[in-house]
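**Q** File coords_13.cif follows (mmCIF, C-alpha atoms):
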```
data_my_file
loop_
_atom_site.label_atom_id
_atom_site.label_comp_id
_atom_site.auth_asym_id
_atom_site.auth_seq_id
_atom_site.Cartn_x
_atom_site.Cartn_y
_atom_site.Cartn_z
CA MET X 46 11.84 -7.69 16.80
CA ARG X 47 10.25 -7.16 13.43
CA LEU X 48 6.96 -8.98 14.07
CA LEU X 49 6.24 -6.80 17.09
CA LYS X 50 6.20 -3.87 14.67
CA LEU X 51 3.08 -5.33 13.07
CA PHE X 52 1.11 -4.13 16.08
CA VAL X 53 1.81 -0.53 15.06
CA LEU X 54 1.77 -1.22 11.31
CA PRO X 55 -1.41 -1.35 9.23
CA LEU X 56 -1.34 -5.12 8.84
CA CYS X 57 -4.61 -5.64 10.65
CA ALA X 58 -5.19 -8.88 8.73
CA ALA X 59 -2.29 -10.41 10.60
CA VAL X 60 -3.54 -9.85 14.11
CA ALA X 61 -7.15 -10.52 13.22
CA LEU X 62 -6.76 -13.80 11.39
CA SER X 63 -3.67 -15.81 12.27
CA ALA X 64 -3.89 -18.53 14.86
CA PRO X 65 -1.28 -18.50 17.63
CA LEU X 66 0.95 -21.54 17.85
CA THR X 67 1.43 -21.03 21.57
CA SER X 68 -1.35 -21.64 24.05
CA ALA X 69 -3.11 -18.56 25.38
CA THR X 70 -6.29 -17.74 27.26
CA ALA X 71 -7.07 -14.27 26.00
CA THR X 72 -10.58 -14.30 27.41
CA GLY X 73 -9.45 -14.59 31.01
CA ALA X 74 -6.70 -12.02 30.58
CA VAL X 75 -9.08 -9.50 29.02
CA ALA X 76 -11.56 -10.04 31.83
CA GLN X 77 -8.83 -9.31 34.37
CA ALA X 78 -7.88 -6.16 32.48
CA ALA X 79 -11.50 -4.98 32.52
CA GLN X 80 -11.54 -5.27 36.31
CA ALA X 81 -8.27 -3.41 36.75
CA ALA X 82 -8.12 0.09 38.20
CA ALA X 83 -8.93 2.77 35.66
CA LYS X 84 -5.96 4.37 33.92
CA PRO X 85 -5.72 7.75 32.21
CA PRO X 86 -6.67 7.47 28.53
CA PRO X 87 -3.77 6.80 26.17
CA VAL X 88 -2.13 9.96 24.86
CA PRO X 89 -3.29 10.14 21.24
CA LEU X 90 -1.07 9.98 18.19
CA LEU X 91 -3.34 12.39 16.35
CA TRP X 92 -2.59 15.01 13.71
CA ARG X 93 -4.90 17.39 11.84
CA VAL X 94 -3.93 17.90 8.18
CA SER X 95 -5.87 20.70 6.53
CA ASP X 96 -6.24 22.98 3.54
CA ALA X 97 -8.63 25.90 3.10
CA ASP X 98 -11.77 23.74 2.92
CA ASN X 99 -11.57 20.76 5.23
CA ALA X 100 -9.32 18.52 7.28
CA VAL X 101 -8.12 14.95 7.59
CA PHE X 102 -7.30 13.61 11.04
CA LEU X 103 -4.50 11.04 11.07
CA LEU X 104 -4.71 8.68 14.04
CA GLY X 105 -1.99 6.17 14.92
CA SER X 106 -3.35 2.77 15.90
CA PHE X 107 -2.19 -0.16 18.01
CA HIS X 108 -3.81 -3.36 16.78
CA LEU X 109 -3.96 -5.28 20.06
CA LEU X 110 -5.16 -3.52 23.21
CA ARG X 111 -6.60 -4.29 26.62
CA ALA X 112 -9.89 -3.19 28.12
CA ASP X 113 -8.10 -0.73 30.39
CA ASP X 114 -6.81 1.13 27.34
CA TYR X 115 -10.31 2.60 27.15
CA PRO X 116 -12.00 5.06 27.20
CA LEU X 117 -10.17 6.98 24.50
CA SER X 118 -9.02 10.55 24.99
CA ASP X 119 -11.41 13.46 24.46
CA ASP X 120 -9.25 14.51 21.51
CA ILE X 121 -10.07 11.29 19.65
CA GLN X 122 -13.71 11.45 20.68
CA ARG X 123 -13.99 14.96 19.19
CA ALA X 124 -12.16 13.99 16.01
CA PHE X 125 -14.53 11.05 15.61
CA ALA X 126 -17.62 13.14 16.32
CA GLY X 127 -16.55 15.88 13.91
CA SER X 128 -15.69 13.57 11.01
CA GLU X 129 -18.26 12.64 8.42
CA LYS X 130 -16.51 9.39 7.56
CA LEU X 131 -13.64 7.11 8.57
CA VAL X 132 -10.94 5.51 6.45
CA PHE X 133 -9.03 2.44 7.62
CA GLU X 134 -6.23 0.40 6.07
CA VAL X 135 -8.85 -2.06 4.83
CA ALA X 136 -12.59 -1.42 4.68
CA PRO X 137 -14.56 -3.17 7.46
CA ASP X 138 -16.61 -5.26 5.04
CA GLU X 139 -13.42 -6.61 3.46
CA MET X 140 -11.73 -7.08 6.80
CA PHE X 141 -14.47 -9.40 8.04
CA ASP X 142 -15.22 -11.22 4.79
CA PRO X 143 -15.57 -14.94 5.68
CA SER X 144 -13.32 -15.92 2.78
CA VAL X 145 -10.33 -14.02 4.15
CA GLY X 146 -9.23 -16.89 6.38
CA GLN X 147 -8.67 -19.27 3.51
CA ARG X 148 -6.97 -16.60 1.42
CA PHE X 149 -4.69 -15.82 4.35
CA LEU X 150 -3.63 -19.46 4.65
CA GLU X 151 -2.97 -19.66 0.93
CA ARG X 152 -0.40 -16.87 1.31
CA ALA X 153 1.12 -18.54 4.38
CA ARG X 154 1.90 -21.85 2.65
CA TYR X 155 4.88 -22.58 0.47
CA GLN X 156 3.85 -22.62 -3.18
CA ASP X 157 7.02 -24.11 -4.67
CA GLY X 158 7.21 -27.50 -2.96
CA ARG X 159 9.63 -26.41 -0.23
CA THR X 160 9.00 -26.97 3.46
CA LEU X 161 9.92 -25.05 6.60
CA SER X 162 12.30 -27.84 7.61
CA GLN X 163 14.19 -27.47 4.35
CA THR X 164 14.35 -23.69 4.66
CA LEU X 165 15.50 -23.24 8.25
CA PRO X 166 19.09 -23.81 9.39
CA ALA X 167 19.54 -26.84 11.64
CA ASP X 168 20.02 -24.83 14.85
CA LEU X 169 16.84 -22.86 14.18
CA ARG X 170 14.83 -26.03 13.51
CA GLU X 171 15.93 -27.37 16.87
CA LYS X 172 14.99 -24.18 18.70
CA LEU X 173 11.60 -24.01 17.00
CA ASN X 174 10.88 -27.63 17.86
CA ARG X 175 11.63 -26.93 21.53
CA VAL X 176 9.30 -23.92 21.63
CA LEU X 177 6.51 -25.80 19.86
CA ALA X 178 6.93 -28.86 22.07
CA LYS X 179 6.21 -26.75 25.16
CA ASN X 180 2.78 -26.12 23.69
CA GLY X 181 2.03 -29.64 22.50
CA ARG X 182 3.01 -29.07 18.88
CA SER X 183 5.83 -30.11 16.61
CA LEU X 184 7.66 -28.85 13.56
CA SER X 185 5.89 -31.39 11.36
CA GLN X 186 2.58 -29.68 12.11
CA VAL X 187 3.76 -26.35 10.67
CA ASP X 188 6.12 -27.64 8.00
CA SER X 189 3.99 -26.34 5.13
CA LEU X 190 4.01 -22.77 6.49
CA GLU X 191 6.47 -19.99 5.74
CA PRO X 192 8.64 -18.45 8.48
CA TRP X 193 6.74 -15.14 8.60
CA PHE X 194 3.49 -16.89 9.50
CA VAL X 195 5.09 -19.11 12.12
CA ASN X 196 6.84 -16.12 13.68
CA LEU X 197 3.66 -14.06 13.67
CA SER X 198 1.71 -16.87 15.31
CA LEU X 199 4.30 -17.27 18.06
CA VAL X 200 4.25 -13.54 18.82
CA LEU X 201 0.44 -13.46 18.85
CA GLY X 202 0.38 -16.34 21.29
CA VAL X 203 2.53 -14.33 23.68
CA SER X 204 0.41 -11.21 23.22
CA GLN X 205 -2.80 -13.05 23.98
CA SER X 206 -1.31 -14.61 27.11
CA LEU X 207 -0.60 -11.03 28.27
CA GLY X 208 -4.24 -10.06 27.82
CA PHE X 209 -4.03 -8.24 24.51
CA SER X 210 -6.95 -8.72 22.13
CA SER X 211 -7.39 -7.72 18.50
CA GLN X 212 -11.10 -7.31 19.23
CA LEU X 213 -10.09 -4.40 21.45
CA GLY X 214 -7.55 -3.03 18.97
CA LEU X 215 -8.13 0.60 18.10
CA ASP X 216 -9.02 -0.20 14.48
CA GLN X 217 -11.74 -2.71 15.29
CA TYR X 218 -13.10 -0.56 18.12
CA LEU X 219 -13.51 2.45 15.82
CA MET X 220 -14.97 0.27 13.07
CA ARG X 221 -17.72 -0.75 15.49
CA GLN X 222 -18.25 2.84 16.63
CA ALA X 223 -18.51 4.04 13.02
CA ALA X 224 -21.14 1.40 12.25
CA GLU X 225 -23.16 2.31 15.34
CA ALA X 226 -22.97 6.03 14.49
CA GLY X 227 -23.93 5.45 10.86
CA LYS X 228 -20.68 6.93 9.56
CA GLY X 229 -19.28 5.72 6.25
CA ALA X 230 -16.09 3.63 6.43
CA SER X 231 -13.74 2.73 3.61
CA GLY X 232 -10.20 1.43 3.10
CA LEU X 233 -6.90 2.63 1.67
CA GLU X 234 -6.13 -0.76 0.13
CA SER X 235 -7.77 -4.09 -0.56
CA MET X 236 -7.51 -7.09 1.73
CA ASP X 237 -5.84 -9.09 -1.03
CA HIS X 238 -3.14 -6.45 -1.32
CA GLN X 239 -2.59 -6.54 2.44
CA LEU X 240 -2.28 -10.31 2.37
CA ASP X 241 0.19 -10.07 -0.51
CA VAL X 242 2.27 -7.64 1.55
CA MET X 243 2.39 -10.14 4.41
CA ASP X 244 3.78 -12.74 2.04
CA ALA X 245 6.22 -10.49 0.18
CA SER X 246 9.02 -10.30 2.73
CA PRO X 247 12.27 -11.83 1.39
CA ALA X 248 13.01 -15.32 2.69
CA ASP X 249 16.26 -14.33 4.39
CA GLU X 250 14.56 -11.51 6.28
CA GLN X 251 11.72 -13.83 7.33
CA ILE X 252 14.26 -16.26 8.79
CA LYS X 253 16.16 -13.43 10.47
CA ALA X 254 12.98 -12.23 12.18
CA LEU X 255 12.09 -15.76 13.33
CA ARG X 256 15.59 -16.18 14.73
CA GLU X 257 15.15 -13.01 16.80
CA PHE X 258 12.17 -14.62 18.52
CA LEU X 259 13.69 -18.06 18.98
CA ASP X 260 17.02 -16.73 20.29
CA ARG X 261 15.31 -14.88 23.15
CA PRO X 262 11.68 -15.97 23.58
CA THR X 263 11.58 -14.97 27.26
CA GLU X 264 12.27 -11.34 26.30
CA VAL X 265 9.27 -11.03 23.98
CA PRO X 266 6.67 -10.20 26.69
CA GLY X 267 8.79 -7.33 27.96
CA MET X 268 9.38 -6.06 24.44
CA LEU X 269 5.65 -6.08 23.68
CA GLU X 270 4.88 -4.29 26.95
CA GLU X 271 7.53 -1.69 26.13
CA MET X 272 6.05 -1.08 22.68
CA HIS X 273 2.54 -0.82 24.12
CA THR X 274 3.66 1.64 26.82
CA ALA X 275 5.40 3.79 24.21
CA TRP X 276 2.14 3.89 22.22
CA ARG X 277 0.04 4.69 25.33
CA GLU X 278 2.36 7.54 26.24
CA ALA X 279 2.74 8.74 22.64
CA ASP X 280 6.50 8.46 23.05
CA LEU X 281 7.38 9.26 19.45
CA ALA X 282 11.13 8.96 19.97
CA LYS X 283 10.90 5.47 21.45
CA LEU X 284 8.35 4.26 18.89
CA ASP X 285 10.53 5.56 16.10
CA GLU X 286 13.65 3.93 17.53
CA LYS X 287 12.11 0.57 18.45
CA ALA X 288 9.80 0.23 15.46
CA ARG X 289 10.67 2.23 12.38
CA VAL X 290 14.45 2.66 12.67
CA GLU X 291 15.09 -0.87 13.91
CA MET X 292 12.98 -2.37 11.14
CA GLN X 293 14.63 -0.19 8.52
CA GLN X 294 18.10 -1.25 9.65
CA LYS X 295 17.51 -4.95 10.26
CA THR X 296 15.11 -5.85 7.46
CA PRO X 297 15.35 -3.06 4.87
CA GLN X 298 13.48 -4.83 2.07
CA THR X 299 10.58 -5.70 4.33
CA TYR X 300 10.55 -2.10 5.58
CA ARG X 301 10.32 -0.86 2.01
CA ILE X 302 7.49 -3.24 1.10
CA VAL X 303 5.47 -2.90 4.29
CA ASN X 304 6.03 0.75 5.10
CA VAL X 305 7.49 2.97 2.39
CA GLU X 306 5.63 1.67 -0.66
CA ARG X 307 2.30 1.77 1.10
CA ASN X 308 2.83 5.30 2.39
CA GLU X 309 3.59 6.35 -1.17
CA ALA X 310 0.33 4.75 -2.34
CA TRP X 311 -1.74 6.31 0.45
CA VAL X 312 -0.61 9.93 0.15
CA PRO X 313 -2.51 10.59 -3.13
CA GLN X 314 -5.65 9.10 -1.61
CA ILE X 315 -5.43 11.38 1.42
CA GLN X 316 -4.76 14.33 -0.86
CA LYS X 317 -8.02 13.58 -2.67
CA LEU X 318 -9.89 13.78 0.63
CA LEU X 319 -8.50 17.28 1.02
CA ASP X 320 -8.36 18.61 -2.53
CA GLU X 321 -11.50 17.13 -4.06
CA GLN X 322 -13.73 17.28 -0.99
CA LYS X 323 -14.80 20.87 -0.31
CA LYS X 324 -16.41 20.22 3.05
CA GLY X 325 -16.58 17.54 5.70
CA ASP X 326 -13.66 16.15 7.70
CA THR X 327 -12.36 12.56 7.62
CA LEU X 328 -10.71 10.44 10.32
CA VAL X 329 -7.99 8.18 8.87
CA VAL X 330 -6.83 5.36 11.16
CA VAL X 331 -3.51 3.72 10.27
CA GLY X 332 -0.78 1.84 12.09
CA SER X 333 1.26 4.26 14.21
CA LEU X 334 4.53 3.46 12.50
CA HIS X 335 3.13 4.93 9.29
CA LEU X 336 3.04 8.35 10.89
CA LEU X 337 6.68 8.38 12.00
CA GLY X 338 9.87 9.70 10.45
CA ASN X 339 10.55 11.28 7.09
CA ASP X 340 8.95 8.27 5.38
CA GLY X 341 5.74 8.79 7.37
CA LEU X 342 2.45 10.26 6.22
CA VAL X 343 2.76 13.34 8.44
CA GLU X 344 6.02 14.51 6.90
CA ARG X 345 5.03 13.50 3.38
CA LEU X 346 1.86 15.60 3.63
CA ARG X 347 3.77 18.48 5.21
CA ALA X 348 6.06 18.44 2.18
CA LYS X 349 2.96 18.79 -0.03
CA GLY X 350 2.20 22.12 1.64
CA TYR X 351 -0.70 21.17 3.90
CA LYS X 352 -1.11 22.68 7.35
CA ILE X 353 -0.03 20.15 10.01
CA GLU X 354 -1.21 20.36 13.63
CA ARG X 355 -0.70 17.90 16.49
CA ILE X 356 -3.92 17.43 18.46
CA CYS X 357 -2.95 16.42 21.99
CA SER X 358 -4.48 18.00 25.08
CA ALA X 359 -2.21 15.87 27.30
CA CYS X 360 1.00 16.94 25.55
CA ALA X 361 3.36 19.43 27.14
CA THR X 362 3.63 22.97 25.86
CA GLY X 363 6.34 23.10 23.25
CA THR X 364 5.43 19.78 21.63
CA ALA X 365 6.04 20.05 17.89
CA ASP X 366 3.01 21.19 15.86
CA LEU X 367 0.83 21.32 19.00
CA ALA X 368 -2.52 23.02 18.44
CA PRO X 369 -5.81 23.05 20.34
CA MET X 370 -8.56 20.77 19.14
CA PRO X 371 -11.25 22.74 17.29
CA PRO X 372 -14.45 22.99 19.36
CA ALA X 373 -16.94 20.23 18.69
CA ALA X 374 -19.69 18.46 20.55
CA LEU X 375 -18.19 15.69 22.63
CA PRO X 376 -20.40 12.60 22.69
CA PRO X 377 -20.47 10.42 25.78
CA ALA X 378 -17.82 7.73 25.62
CA PRO X 379 -19.46 4.42 24.69
CA PRO X 380 -18.86 1.57 27.12
CA VAL X 381 -16.18 -0.93 26.20
CA LYS X 382 -17.61 -4.40 26.64
CA LEU X 383 -16.99 -7.80 25.18
CA THR X 384 -19.82 -9.54 23.40
CA PRO X 385 -19.82 -13.37 23.42
CA ASP X 386 -18.07 -13.24 20.04
CA ASP X 387 -15.56 -10.63 21.20
CA ALA X 388 -14.77 -12.63 24.32
CA ARG X 389 -13.38 -15.39 22.21
CA GLU X 390 -9.91 -14.97 20.84
CA SER X 391 -9.49 -13.19 17.53
CA LYS X 392 -10.93 -15.14 14.61
CA LYS X 393 -8.54 -18.04 14.18
CA VAL X 394 -7.18 -19.73 11.13
CA GLU X 395 -6.08 -23.22 12.02
CA PRO X 396 -3.15 -24.42 9.88
CA ARG X 397 -4.18 -27.21 7.51
CA HIS X 398 -1.62 -29.81 6.61
#
```
Starting from the file, give its structure as C-alpha cells.

**A**
Amino acid sequence: MRLLKLFVLPLCAAVALSAPLTSATATGAVAQAAQAAAKPPPVPLLWRVSDADNAVFLLGSFHLLRADDYPLSDDIQRAFAGSEKLVFEVAPDEMFDPSVGQRFLERARYQDGRTLSQTLPADLREKLNRVLAKNGRSLSQVDSLEPWFVNLSLVLGVSQSLGFSSQLGLDQYLMRQAAEAGKGASGLESMDHQLDVMDASPADEQIKALREFLDRPTEVPGMLEEMHTAWREADLAKLDEKARVEMQQKTPQTYRIVNVERNEAWVPQIQKLLDEQKKGDTLVVVGSLHLLGNDGLVERLRAKGYKIERICSACATGTADLAPMPPAALPPAPPVKLTPDDARESKKVEPRH
C-alpha cells in the first residue's frame, strides 16, 4: 500500500501535519508502549560514506515509532556523538514553522473546481462513505480534498490507534537531541518543495492508492506492523520488496517524483559534505526507502567512488559492507519521555470546508 511507504520515505511533513480522518487515541497507546517490557534496540540502517578527509553517516528513518523503540542502538549513539552536525530532509525550523499547516491544506485541496465526489468512481465513493461513517464523518466533509490527503489521513488514523506517534519518530527525536546537544541541523530540501511533492502524484495513481486502502481496510494494521518490524530488524530484503519495489511497480510516476528525483537532487549535496568539508563528520537522516536499491543513496554514492561501510554491531558476519564502528565516546542514552505537547497527537490540520 503506497501510503504506508511514506513512513519510510522522507515525507515527514505528511506524518507531522495531516489530521487523521479516523478516530484514534495516540496518547493512551503511547503510554501503554512506554510501560511495555524493554526490547532490544532496533537494528540500525546505518552506513558510513567516506573519502580521505571525513565521513557522512546515512541513517534510515521510520517516521512513526513507539516509546519501546527506544533507546537507540550504540551504533547510532556513536554516530550522533561523533558528528559535528545533522542534516534532515527538511530543517527543523522549517518543519515546525506555524505557517506550514495552512500551506499543507492549500496543497491538499482541489484548485480547479473539482471535488472528490466527482473524481472517485461510484463504488469507491460508497466504500469511502462507509469507512468515514464508522468514525462519525461523511464524504461531504472531505469533498474539497484530493485523494492522496484523504488516503494519508486514513492510514495515519490507523497508525495512531496502534500507538505510533510522529513525536517519537526517529527524525523528530534526533532533531530534539541535536538541539539539546547544540549541534547544527539543516535540510536537504525546503518544506514548500516537500509539500509540492505530496501534491504531485498523478490523479490516477492517487485513486489507485486510495482503492488499496478501501478494498481491504482491516489488513492495514497488519501491513503497518509488518513494515515497522522490517525496519526494526533492518530486514533490507523485505523493506525493498514491500516498499521500494512495490511502489515502483504499482505507482511508477509517484515513485519517480517521490523517490528517484529527490535522490538525484540530494546526492550532490551529500558530495559537498564530503568533498568541500575537510574535517568533521555529518549525520544525514532520511527515510529508509531512500537508502535501498540501485536508485538509493548508498548505491549512487558507491558509484561515485566513495568508500561505503555498513555500521551494524547487531548484524551477522558476512553482511554486505559490514565494518566496525570507529571508536568514539558513547554518551549516556537520553531518556525518552513525552512532554505535555508530545503527549498530544501530532500537530493536526483540521480540514476546512

**Q** Near Pro86 in chain X, within 7 Å and counting only C-alpha atoms, which residues show up once chain neighbours fewer than 6 positions away are dropped, as a list in words?

**A**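 Within the cut-off, the hits are Asp114, Tyr115, Pro116, Leu117 and Ser118 of chain X.
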
**Q** Run the PyMOL selection byres ((chain X and resi 270-279) around 9) on the file and write out the hits as a ChimeraX atom specification.

**A** /X:49-50,52-53,86-90,105-107,109-110,114,207,265-269,280-284,287-288,333,360

**Q** What residues come out when you apply the PyMOL selection byres ((chain X and resi 233) around 10) to this file, written as a list of chain:residue names?

**A**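 This file, filtered by the PyMOL selection byres ((chain X and resi 233) around 10), leaves X:Val132, X:Phe133, X:Glu134, X:Val135, X:Ala136, X:Ser231, X:Gly232, X:Glu234, X:Ser235, X:Met236, X:Arg307, X:Ala310, X:Trp311, X:Val312, X:Gln314, X:Ile315, X:Val329, X:Val330, X:Val331.
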
**Q** Just the number, please: distance in Å from CA of Ser204 in chain X to CA of Ala248 in chain X, one decimal.

**A**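 CA of Ala248 in chain X lies at a distance of 24.4 Å from CA of Ser204 in chain X.
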
**Q** Could you pull out every residue with an atom within 8 Å of (13.3, -11.4, 10.1), file coordinates, counting all atoms listed in the file, and send them as a list in words?

**A**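 Residues found, by chain and rising number: Met46, Arg47, Leu48, Trp193, Asp249, Glu250, Gln251, Ile252, Lys253, Ala254, Leu255, Arg256, Glu257, Lys295 and Thr296 of chain X.
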
**Q** Any chance you could resolve the PyMOL selection byres ((chain X and resi 131) around 12) against this file and give the residues as a ChimeraX atom specification?

**A** /X:101-104,124-130,132-137,216,219-224,226-233,315,318,325-331

**Q** Once you have the residues from the selection above, write them out as an mmCIF file, in the coordinates of the input, restricted to C-alpha atoms.

**A**
```cif
data_model
loop_
_atom_site.group_PDB
_atom_site.id
_atom_site.type_symbol
_atom_site.label_atom_id
_atom_site.label_comp_id
_atom_site.auth_asym_id
_atom_site.auth_seq_id
_atom_site.Cartn_x
_atom_site.Cartn_y
_atom_site.Cartn_z
ATOM 1 C CA VAL X 101 -8.120 14.950 7.590
ATOM 2 C CA PHE X 102 -7.300 13.610 11.040
ATOM 3 C CA LEU X 103 -4.500 11.040 11.070
ATOM 4 C CA LEU X 104 -4.710 8.680 14.040
ATOM 5 C CA ALA X 124 -12.160 13.990 16.010
ATOM 6 C CA PHE X 125 -14.530 11.050 15.610
ATOM 7 C CA ALA X 126 -17.620 13.140 16.320
ATOM 8 C CA GLY X 127 -16.550 15.880 13.910
ATOM 9 C CA SER X 128 -15.690 13.570 11.010
ATOM 10 C CA GLU X 129 -18.260 12.640 8.420
ATOM 11 C CA LYS X 130 -16.510 9.390 7.560
ATOM 12 C CA VAL X 132 -10.940 5.510 6.450
ATOM 13 C CA PHE X 133 -9.030 2.440 7.620
ATOM 14 C CA GLU X 134 -6.230 0.400 6.070
ATOM 15 C CA VAL X 135 -8.850 -2.060 4.830
ATOM 16 C CA ALA X 136 -12.590 -1.420 4.680
ATOM 17 C CA PRO X 137 -14.560 -3.170 7.460
ATOM 18 C CA ASP X 216 -9.020 -0.200 14.480
ATOM 19 C CA LEU X 219 -13.510 2.450 15.820
ATOM 20 C CA MET X 220 -14.970 0.270 13.070
ATOM 21 C CA ARG X 221 -17.720 -0.750 15.490
ATOM 22 C CA GLN X 222 -18.250 2.840 16.630
ATOM 23 C CA ALA X 223 -18.510 4.040 13.020
ATOM 24 C CA ALA X 224 -21.140 1.400 12.250
ATOM 25 C CA ALA X 226 -22.970 6.030 14.490
ATOM 26 C CA GLY X 227 -23.930 5.450 10.860
ATOM 27 C CA LYS X 228 -20.680 6.930 9.560
ATOM 28 C CA GLY X 229 -19.280 5.720 6.250
ATOM 29 C CA ALA X 230 -16.090 3.630 6.430
ATOM 30 C CA SER X 231 -13.740 2.730 3.610
ATOM 31 C CA GLY X 232 -10.200 1.430 3.100
ATOM 32 C CA LEU X 233 -6.900 2.630 1.670
ATOM 33 C CA ILE X 315 -5.430 11.380 1.420
ATOM 34 C CA LEU X 318 -9.890 13.780 0.630
ATOM 35 C CA GLY X 325 -16.580 17.540 5.700
ATOM 36 C CA ASP X 326 -13.660 16.150 7.700
ATOM 37 C CA THR X 327 -12.360 12.560 7.620
ATOM 38 C CA LEU X 328 -10.710 10.440 10.320
ATOM 39 C CA VAL X 329 -7.990 8.180 8.870
ATOM 40 C CA VAL X 330 -6.830 5.360 11.160
ATOM 41 C CA VAL X 331 -3.510 3.720 10.270
#
```

**Q** Around all the atoms of range 203-214 of chain X listed in the file, with 4 Å of room on each side, what axis-aligned box do you get, giving centre and edge lengths in Å to one decimal, as AutoDock Vina command-line options?

**A**
```
--center_x -4.3 --center_y -8.8 --center_z 23.4 --size_x 21.6 --size_y 19.6 --size_z 17.8
```

**Q** Counting only C-alpha atoms, figure out which residue out of X:Gly332, X:Glu171, X:Trp92, X:Asp237 gets nearest to Asp142 in chain X.

**A**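 The shortest atom-to-atom distance to Asp142 in chain X comes from X:Asp237.
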
**Q** Saving range 83-98 of chain X with N, CA, C and O atoms, as an mmCIF file, in the first residue's frame, what would that file be?

**A**
```cif
data_model
loop_
_atom_site.group_PDB
_atom_site.id
_atom_site.type_symbol
_atom_site.label_atom_id
_atom_site.label_comp_id
_atom_site.auth_asym_id
_atom_site.auth_seq_id
_atom_site.Cartn_x
_atom_site.Cartn_y
_atom_site.Cartn_z
ATOM 1 N N ALA X 83 10.997 -3.903 28.083
ATOM 2 C CA ALA X 83 12.025 -3.357 27.215
ATOM 3 C C ALA X 83 12.370 -4.345 26.106
ATOM 4 O O ALA X 83 12.445 -5.549 26.318
ATOM 5 N N LYS X 84 12.597 -3.808 24.910
ATOM 6 C CA LYS X 84 13.005 -4.617 23.765
ATOM 7 C C LYS X 84 14.446 -4.282 23.425
ATOM 8 O O LYS X 84 14.954 -3.225 23.812
ATOM 9 N N PRO X 85 15.119 -5.151 22.674
ATOM 10 C CA PRO X 85 16.438 -4.772 22.167
ATOM 11 C C PRO X 85 16.285 -3.551 21.264
ATOM 12 O O PRO X 85 15.252 -3.370 20.623
ATOM 13 N N PRO X 86 17.297 -2.701 21.189
ATOM 14 C CA PRO X 86 17.203 -1.542 20.294
ATOM 15 C C PRO X 86 17.000 -1.986 18.847
ATOM 16 O O PRO X 86 17.465 -3.068 18.452
ATOM 17 N N PRO X 87 16.318 -1.209 18.049
ATOM 18 C CA PRO X 87 16.203 -1.540 16.625
ATOM 19 C C PRO X 87 17.577 -1.683 15.982
ATOM 20 O O PRO X 87 18.508 -0.942 16.319
ATOM 21 N N VAL X 88 17.704 -2.621 15.073
ATOM 22 C CA VAL X 88 18.949 -2.778 14.315
ATOM 23 C C VAL X 88 19.060 -1.588 13.357
ATOM 24 O O VAL X 88 18.127 -1.334 12.596
ATOM 25 N N PRO X 89 20.155 -0.865 13.384
ATOM 26 C CA PRO X 89 20.191 0.384 12.609
ATOM 27 C C PRO X 89 20.396 0.164 11.114
ATOM 28 O O PRO X 89 21.116 -0.739 10.686
ATOM 29 N N LEU X 90 19.737 1.000 10.333
ATOM 30 C CA LEU X 90 20.005 1.119 8.901
ATOM 31 C C LEU X 90 20.989 2.274 8.758
ATOM 32 O O LEU X 90 20.610 3.425 8.525
ATOM 33 N N LEU X 91 22.280 1.958 8.927
ATOM 34 C CA LEU X 91 23.299 2.987 9.070
ATOM 35 C C LEU X 91 24.516 2.638 8.214
ATOM 36 O O LEU X 91 25.059 1.536 8.327
ATOM 37 N N TRP X 92 24.891 3.574 7.354
ATOM 38 C CA TRP X 92 26.062 3.413 6.506
ATOM 39 C C TRP X 92 27.011 4.587 6.711
ATOM 40 O O TRP X 92 26.582 5.721 6.927
ATOM 41 N N ARG X 93 28.303 4.300 6.631
ATOM 42 C CA ARG X 93 29.340 5.338 6.677
ATOM 43 C C ARG X 93 29.889 5.509 5.267
ATOM 44 O O ARG X 93 30.406 4.568 4.669
ATOM 45 N N VAL X 94 29.768 6.718 4.723
ATOM 46 C CA VAL X 94 30.277 7.056 3.394
ATOM 47 C C VAL X 94 31.452 8.006 3.606
ATOM 48 O O VAL X 94 31.293 9.046 4.244
ATOM 49 N N SER X 95 32.618 7.655 3.086
ATOM 50 C CA SER X 95 33.794 8.453 3.424
ATOM 51 C C SER X 95 34.723 8.652 2.238
ATOM 52 O O SER X 95 34.719 7.885 1.266
ATOM 53 N N ASP X 96 35.518 9.722 2.345
ATOM 54 C CA ASP X 96 36.643 9.947 1.446
ATOM 55 C C ASP X 96 37.874 10.071 2.334
ATOM 56 O O ASP X 96 37.874 9.600 3.474
ATOM 57 N N ALA X 97 38.912 10.702 1.856
ATOM 58 C CA ALA X 97 40.155 10.760 2.630
ATOM 59 C C ALA X 97 40.071 11.673 3.839
ATOM 60 O O ALA X 97 40.877 11.550 4.769
ATOM 61 N N ASP X 98 39.115 12.596 3.859
ATOM 62 C CA ASP X 98 39.095 13.632 4.894
ATOM 63 C C ASP X 98 38.054 13.431 5.986
ATOM 64 O O ASP X 98 38.304 13.692 7.159
#
```
